[in-house]
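Heads up, data26.txt below (compact mmCIF, C-alpha atoms):
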```txt
# COMPACT_ATOMS: atom_id res chain seq x y z
CA MET A 1 19.58 155.39 1.01
CA ILE A 2 19.33 156.22 4.71
CA LEU A 3 18.74 152.58 5.61
CA ASP A 4 22.06 151.70 3.95
CA ILE A 5 23.80 154.41 5.96
CA LEU A 6 22.25 153.10 9.17
CA LYS A 7 23.34 149.56 8.30
CA GLN A 8 26.93 150.75 7.90
CA GLN A 9 26.81 152.75 11.14
CA ALA A 10 25.45 149.74 13.01
CA LEU A 11 27.98 147.36 11.46
CA GLN A 12 30.88 149.62 12.40
CA SER A 13 29.55 149.83 15.96
CA ALA A 14 29.12 146.05 16.17
CA LYS A 15 32.73 145.51 15.14
CA LYS A 16 34.03 148.23 17.46
CA ASN A 17 32.14 146.78 20.45
CA SER A 18 32.71 143.09 19.56
CA LEU A 19 28.98 142.46 19.32
CA THR A 20 27.64 139.16 18.04
CA LEU A 21 24.16 137.93 17.18
CA LYS A 22 22.51 136.17 20.11
CA SER A 23 18.97 135.57 18.82
CA PHE A 24 16.23 136.97 16.63
CA LYS A 25 12.60 136.20 15.90
CA ILE A 26 9.66 137.56 13.98
CA CYS A 27 6.67 137.67 16.30
CA GLU A 28 3.40 139.57 16.32
CA PRO A 29 3.52 142.52 16.54
CA PHE A 30 7.27 142.78 17.15
CA THR A 31 10.38 141.52 15.42
CA TYR A 32 13.23 141.44 17.89
CA VAL A 33 16.99 140.97 17.71
CA GLU A 34 19.39 140.38 20.60
CA VAL A 35 23.08 141.24 20.36
CA THR A 36 25.81 140.64 22.94
CA ASN A 37 29.50 141.00 23.61
CA LYS A 38 29.29 138.40 26.42
CA THR A 39 29.37 141.06 29.14
CA LYS A 40 26.33 143.01 28.02
CA THR A 41 23.25 142.18 25.97
CA SER A 42 20.91 144.60 24.24
CA ILE A 43 17.69 144.12 22.35
CA GLY A 44 16.09 146.00 19.49
CA VAL A 45 12.60 145.77 18.06
CA ALA A 46 10.79 146.71 14.88
CA LEU A 47 7.18 146.44 13.84
CA SER A 48 6.53 143.14 12.08
CA PRO A 49 4.89 144.00 8.72
CA SER A 50 2.56 141.03 9.09
CA ASP A 51 -0.24 142.39 6.91
CA GLU A 52 2.13 142.97 4.00
CA GLY A 53 2.59 139.28 3.20
CA ASP A 54 3.90 136.02 4.66
CA LEU A 55 6.84 136.53 6.99
CA LYS A 56 9.33 133.78 7.72
CA ASN A 57 12.40 133.87 9.91
CA ASN A 58 15.51 133.94 7.78
CA ASN A 59 18.51 131.75 8.41
CA PHE A 60 20.89 134.53 9.42
CA LYS A 61 23.98 133.40 11.32
CA SER A 62 25.60 136.69 12.24
CA ILE A 63 25.17 140.46 12.47
CA GLU A 64 27.18 140.72 9.26
CA ASP A 65 24.77 138.37 7.47
CA ILE A 66 21.86 140.57 8.47
CA LEU A 67 23.35 143.99 7.79
CA GLU A 68 24.89 142.99 4.47
CA ASP A 69 21.56 141.66 3.16
CA ASP A 70 20.23 143.91 0.39
CA SER A 71 17.10 142.03 -0.59
CA PHE A 72 13.56 143.40 -0.82
CA ASN A 73 12.25 140.65 1.45
CA LEU A 74 9.99 142.15 4.11
CA ALA A 75 11.04 139.70 6.80
CA SER A 76 14.69 140.49 6.15
CA ARG A 77 14.00 144.22 6.29
CA ALA A 78 12.24 143.92 9.66
CA ILE A 79 15.17 141.91 11.04
CA ILE A 80 17.63 144.45 9.63
CA LEU A 81 15.84 147.35 11.32
CA ALA A 82 15.59 145.46 14.62
CA THR A 83 19.34 144.73 14.40
CA ILE A 84 20.14 148.39 13.80
CA ASN A 85 18.00 149.21 16.83
CA ALA A 86 19.61 146.53 18.99
CA ILE A 87 23.08 147.92 18.27
CA GLY A 88 21.78 151.43 18.78
CA GLN A 89 20.36 150.40 22.14
CA TYR A 90 23.77 149.01 23.10
CA GLU A 91 25.34 152.39 22.37
CA LEU A 92 22.62 154.13 24.35
CA GLN A 93 23.36 151.89 27.32
CA GLU A 94 26.98 153.02 27.10
CA ASN A 95 25.91 156.70 27.00
CA PRO A 96 22.36 156.88 28.35
CA PRO A 97 20.17 159.71 27.04
CA LEU A 98 17.99 161.86 29.25
CA LEU A 99 15.22 159.45 30.13
CA LYS A 100 11.53 160.15 30.60
CA LYS A 101 8.70 157.90 31.77
CA ASN A 102 6.18 157.76 28.96
CA LEU A 103 6.93 158.03 25.24
CA ARG A 104 3.43 159.01 24.25
CA VAL A 105 3.13 161.70 26.91
CA GLU A 106 6.55 163.15 26.13
CA SER A 107 5.91 163.17 22.40
CA CYS A 108 2.55 164.86 22.80
CA GLU A 109 3.85 167.49 25.24
CA PHE A 110 6.77 168.24 22.95
CA LEU A 111 4.51 168.68 19.92
CA LEU A 112 2.04 170.85 21.82
CA GLU A 113 4.85 173.07 23.10
CA ASN A 114 6.36 173.47 19.64
CA THR A 115 3.24 174.02 17.54
CA THR A 116 0.32 176.38 17.21
CA LYS A 117 -3.21 175.77 16.00
CA GLU A 118 -2.16 177.13 12.60
CA ASP A 119 0.59 174.57 12.04
CA LYS A 120 -0.09 171.65 9.74
CA ILE A 121 1.04 168.42 11.43
CA VAL A 122 1.42 165.31 9.31
CA PHE A 123 1.88 161.83 10.75
CA ILE A 124 3.27 158.99 8.67
CA GLY A 125 1.89 156.08 10.67
CA ASN A 126 -1.08 156.12 13.01
CA LEU A 127 0.29 156.91 16.48
CA LYS A 128 -3.23 156.98 17.87
CA PRO A 129 -2.83 158.17 21.51
CA VAL A 130 -0.58 161.08 20.49
CA ILE A 131 -2.81 162.06 17.59
CA LYS A 132 -5.93 161.91 19.75
CA LYS A 133 -4.41 164.24 22.34
CA LEU A 134 -3.23 166.70 19.71
CA LYS A 135 -6.68 166.87 18.16
CA GLU A 136 -8.22 167.41 21.59
CA ASN A 137 -5.95 170.45 21.82
CA SER A 138 -7.18 171.82 18.47
CA ARG A 139 -4.13 170.94 16.45
CA ASP A 140 -4.42 170.49 12.68
CA VAL A 141 -3.43 166.84 12.22
CA ALA A 142 -3.58 164.58 9.18
CA VAL A 143 -2.51 160.93 9.28
CA PHE A 144 -1.33 158.72 6.43
CA CYS A 145 -1.16 155.00 7.01
CA ARG A 146 -0.92 151.89 4.86
CA ARG A 147 -2.46 149.55 7.39
CA LYS A 148 -5.87 151.10 7.89
CA LYS A 149 -7.71 154.02 6.37
CA GLU A 150 -10.33 155.80 8.46
CA LEU A 151 -11.51 158.73 6.39
CA ASN A 152 -13.93 159.90 9.08
CA ASN A 153 -10.98 160.20 11.48
CA GLU A 154 -8.68 161.74 8.86
CA VAL A 155 -6.52 158.66 8.39
CA TYR A 156 -5.71 158.67 4.70
CA ASN A 157 -4.13 156.31 2.22
CA ASP A 158 -0.37 156.71 2.12
CA ILE A 159 -0.40 157.29 -1.64
CA PHE A 160 -1.01 160.94 -0.74
CA GLU A 161 1.72 161.25 1.89
CA TYR A 162 4.34 163.07 -0.22
CA GLU A 163 1.91 165.81 -1.16
CA ALA A 164 0.89 166.27 2.46
CA VAL A 165 4.46 166.24 3.75
CA SER A 166 5.47 168.92 1.22
CA LYS A 167 2.94 171.29 2.83
CA ALA A 168 3.55 170.32 6.46
CA ASP A 169 5.04 172.46 9.23
CA ILE A 170 5.63 169.40 11.41
CA VAL A 171 6.27 165.84 10.21
CA VAL A 172 6.23 162.80 12.49
CA ILE A 173 7.38 159.55 10.88
CA THR A 174 7.06 156.19 12.57
CA GLY A 175 10.34 154.31 12.70
CA ALA A 176 8.69 151.41 10.87
CA ALA A 177 8.89 153.50 7.69
CA LEU A 178 12.56 152.51 7.54
CA ILE A 179 11.51 148.97 6.64
CA GLY A 180 10.38 150.22 3.26
CA SER A 181 11.96 152.60 0.76
CA THR A 182 9.84 155.70 1.32
CA PHE A 183 11.82 157.26 4.17
CA ASP A 184 14.31 159.11 1.95
CA ALA A 185 11.57 160.51 -0.26
CA LEU A 186 9.59 161.70 2.75
CA LEU A 187 12.59 163.68 3.99
CA LYS A 188 13.18 165.23 0.57
CA PHE A 189 9.58 166.44 0.44
CA ALA A 190 9.65 167.74 4.04
CA THR A 191 11.66 170.85 3.18
CA LYS A 192 9.10 173.23 4.66
CA ALA A 193 8.89 171.42 8.00
CA LYS A 194 10.55 173.02 11.01
CA ILE A 195 10.43 169.70 12.90
CA VAL A 196 10.87 166.23 11.42
CA MET A 197 10.61 163.64 14.15
CA VAL A 198 11.13 159.89 13.87
CA SER A 199 9.12 158.18 16.56
CA GLY A 200 8.01 154.88 18.07
CA PHE A 201 9.55 151.62 19.23
CA SER A 202 10.87 150.94 15.71
CA ALA A 203 13.08 154.05 16.01
CA GLY A 204 15.33 152.66 18.75
CA LEU A 205 18.58 153.47 16.96
CA ASN A 206 21.24 155.85 18.20
CA PRO A 207 19.88 159.31 17.22
CA ILE A 208 23.34 160.53 16.23
CA TRP A 209 23.28 158.12 13.28
CA LEU A 210 20.69 160.41 11.64
CA LYS A 211 22.76 163.55 12.17
CA ASN A 212 23.37 164.25 8.48
CA SER A 213 19.75 163.73 7.44
CA ASN A 214 16.84 166.17 7.60
CA VAL A 215 15.55 164.49 10.77
CA THR A 216 15.55 166.94 13.69
CA HIS A 217 14.40 164.70 16.58
CA VAL A 218 14.18 161.03 17.53
CA ALA A 219 11.66 159.77 20.10
CA SER A 220 11.80 156.12 21.12
CA LEU A 221 12.04 153.60 23.95
CA TYR A 222 15.02 152.69 26.10
CA LEU A 223 14.86 148.90 26.26
CA LYS A 224 17.61 148.17 28.77
CA ASP A 225 15.21 146.30 31.08
CA SER A 226 13.38 144.43 28.33
CA SER A 227 13.96 140.82 27.36
CA LYS A 228 12.90 138.63 24.48
CA GLU A 229 10.57 136.76 26.86
CA LYS A 230 8.74 139.97 27.69
CA ILE A 231 8.53 140.98 24.06
CA GLU A 232 7.27 137.57 22.96
CA LYS A 233 4.64 137.19 25.69
CA ASN A 234 3.48 140.66 26.63
CA PRO A 235 0.66 142.55 24.91
CA PHE A 236 1.40 145.42 22.55
CA GLU A 237 0.78 148.11 25.15
CA ASP A 238 3.26 146.71 27.68
CA ILE A 239 6.31 147.78 25.70
CA PHE A 240 5.38 151.40 26.40
CA GLU A 241 6.08 150.81 30.10
CA ASN A 242 9.77 151.19 29.26
CA SER A 243 11.54 154.50 29.76
CA CYS A 244 11.86 156.74 26.74
CA TYR A 245 13.94 159.50 25.25
CA LEU A 246 13.14 162.39 22.94
CA GLN A 247 16.41 163.72 21.62
CA LYS A 248 17.27 166.58 19.33
CA ILE A 249 19.85 165.72 16.69
```

Using structure tokens, write down the structure from this file.
Amino acid sequence: MILDILKQQALQSAKKNSLTLKSFKICEPFTYVEVTNKTKTSIGVALSPSDEGDLKNNNFKSIEDILEDDSFNLASRAIILATINAIGQYELQENPPLLKKNLRVESCEFLLENTTKEDKIVFIGNLKPVIKKLKENSRDVAVFCRRKKELNNEVYNDIFEYEAVSKADIVVITGAALIGSTFDALLKFATKAKIVMVSGFSAGLNPIWLKNSNVTHVASLYLKDSSKEKIEKNPFEDIFENSCYLQKI
């Protein structure tokens, strides 16, 4: 499973860079993890799957505890993904990507530049501002989301996502999909797609870790200037004030 590969990549990086667990917390809407090597601290976030059941902070003591956990507990999975992202963000601080100002704007411009009106674009996860802009530019977009179905706005139940992905020219998958077990299947069905992009604040890993997958691009936030205080207190939209990167793998 790709999540297992990412866990191993992150664990190897943590050992190489002498990273230790500083703090973690499940909040709404973010789960965050801080890691440090005493000279530098980095933070990673993942979407808290709060409408999937009761979430409780686990009693993890170390990065190893987190990344060696193989349970199906949703809280654990969110913490695992945030840890992978925190370690990925540390590596990105060491070798900063080409940074842009606004993740949503960059993602939308990239998709508009690389698609035509005939292309079928499938989103796994409802990235509303990007989807809205694409539709305004006459793009053929269908959205599949577990959280909310809006049939009038073409937001469909995710039980149909594999069928849609198999016919898609472009696939955009929210990073939060890595919390569950559908990510690998989505990639296997996306054989027709010329672009498979993992996007959003839950995709804050080092893009190179997905090099041997079918993912072609990663679009996420660069959280160097973020802190747990900001993430705990600030509204959902404020996290998008961070710089971003959209990187080809």

- Coordinates-based distance that separates atom CA of Phe30 of chain A from atom CA of Pro235 of chain A (Å, one decimal): 10.2 Å

- Task: Work out how far atom CA of Leu186 of chain A is from atom CA of Ser76 of chain A, in Å to one decimal.
- Result: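 Going from atom CA of Ser76 of chain A over to atom CA of Leu186 of chain A covers 22.1 Å.
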
- Message: Excluding segment 240-242 of chain A and its own-chain neighbours fewer than 6 positions away, which residues fall within 8 Å of it when counting only C-alpha atoms? Please give them as a PyMOL selection string.
- Response: chain A and resi 101-103+221-223+225-226

Export of prior selection with C-alpha atoms as a compact mmCIF listing (two decimals), in the coordinates of the input:
```
# COMPACT_ATOMS: atom_id res chain seq x y z
CA LYS A 101 8.70 157.90 31.77
CA ASN A 102 6.18 157.76 28.96
CA LEU A 103 6.93 158.03 25.24
CA LEU A 221 12.04 153.60 23.95
CA TYR A 222 15.02 152.69 26.10
CA LEU A 223 14.86 148.90 26.26
CA ASP A 225 15.21 146.30 31.08
CA SER A 226 13.38 144.43 28.33
```

I'd like a table as JSON lines: residues in segment 83-168 of chain A with an atom no more than 7 Å from segment 42-45 of chain A, each row giving the shortest atom pair and its distance in Å to one decimal, all atoms listed in the file counted, sorted by chain and rising residue number.
```
{"residue": "A:Thr83", "atom": "CA", "partner": "A:Gly44", "partner_atom": "CA", "distance": 6.2}
{"residue": "A:Asn85", "atom": "CA", "partner": "A:Gly44", "partner_atom": "CA", "distance": 4.6}
{"residue": "A:Ala86", "atom": "CA", "partner": "A:Gly44", "partner_atom": "CA", "distance": 3.6}
{"residue": "A:Gln89", "atom": "CA", "partner": "A:Ser42", "partner_atom": "CA", "distance": 6.2}
{"residue": "A:Tyr90", "atom": "CA", "partner": "A:Ser42", "partner_atom": "CA", "distance": 5.4}
```

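Nearest residue to Gln12 of chain A among A:Ile131, A:Ala75, A:Ile159, A:Trp209 is A:Trp209, counting all atoms listed in the file.
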
- Which one is closest to Leu205 of chain A: A:Ser50, A:Ser166, A:Asn17, A:Ser220? Count only C-alpha atoms. A:Ser220

- Item | Between atom CA of Gly88 of chain A and atom CA of Gln8 of chain A, distance in Å (one decimal) |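 Between these atoms lies a distance of 12.1 Å.
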
- Query: Given the choices A:Asn212, A:Ser138, A:Thr39, A:Asn126, which gets closest to Ala177 of chain A if the distance is worked out from all atoms listed in the file?
  - Reply: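 Selected residue with least distance to Ala177 of chain A: A:Asn126.
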
- Cut-off 9 Å around (12.1, 146.7, 7.0) with all atoms listed in the file: residues as a PyMOL selection string: chain A and resi 3+46-49+72-82+176-181

- Message: Tell me which residues come within 12 Å of (2.3, 176.5, 14.3), as an MDAnalysis selection string, counting all atoms listed in the file in the file's coordinates.
- Response: chainID A and resid 111:121 138:141 168:170 193:195

Please, could you write that set of residues out with C-alpha atoms as an mmCIF file, keeping the file's coordinate frame?
```
data_model
loop_
_atom_site.group_PDB
_atom_site.id
_atom_site.type_symbol
_atom_site.label_atom_id
_atom_site.label_comp_id
_atom_site.auth_asym_id
_atom_site.auth_seq_id
_atom_site.Cartn_x
_atom_site.Cartn_y
_atom_site.Cartn_z
ATOM 1 C CA LEU A 111 4.510 168.680 19.920
ATOM 2 C CA LEU A 112 2.040 170.850 21.820
ATOM 3 C CA GLU A 113 4.850 173.070 23.100
ATOM 4 C CA ASN A 114 6.360 173.470 19.640
ATOM 5 C CA THR A 115 3.240 174.020 17.540
ATOM 6 C CA THR A 116 0.320 176.380 17.210
ATOM 7 C CA LYS A 117 -3.210 175.770 16.000
ATOM 8 C CA GLU A 118 -2.160 177.130 12.600
ATOM 9 C CA ASP A 119 0.590 174.570 12.040
ATOM 10 C CA LYS A 120 -0.090 171.650 9.740
ATOM 11 C CA ILE A 121 1.040 168.420 11.430
ATOM 12 C CA SER A 138 -7.180 171.820 18.470
ATOM 13 C CA ARG A 139 -4.130 170.940 16.450
ATOM 14 C CA ASP A 140 -4.420 170.490 12.680
ATOM 15 C CA VAL A 141 -3.430 166.840 12.220
ATOM 16 C CA ALA A 168 3.550 170.320 6.460
ATOM 17 C CA ASP A 169 5.040 172.460 9.230
ATOM 18 C CA ILE A 170 5.630 169.400 11.410
ATOM 19 C CA ALA A 193 8.890 171.420 8.000
ATOM 20 C CA LYS A 194 10.550 173.020 11.010
ATOM 21 C CA ILE A 195 10.430 169.700 12.900
#
```

- Which residue out of A:Tyr32, A:Phe110, A:Phe183, A:Phe144 has the minimum interatomic distance to Val130 of chain A when only C-alpha atoms are used?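 Residue with the minimum atom-to-atom distance to Val130 of chain A: A:Phe110.
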
- Return the single residue from A:Ala142, A:Met1, A:Ile87, A:Val165 that is closest to Lys15 of chain A, with distances computed using only C-alpha atoms. A:Ile87

- Message: Restricting the calculation to all atoms listed in the file: of A:Ile5, A:Val122, A:Pro207, A:Val198, which residue gets closest to Glu68 of chain A?
- Response: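 Nearest candidate to Glu68 of chain A out of A:Ile5, A:Val122, A:Pro207, A:Val198: A:Ile5.
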
Given 5 Å on each side, where is the centre and what are the edge lengths in Å to one decimal of the axis-aligned box enclosing the listed atoms of segment 27-34 of chain A, as lines of an AutoDock Vina configuration file?
```
center_x = 11.4
center_y = 140.2
center_z = 18.0
size_x = 26.0
size_y = 15.1
size_z = 15.2
```
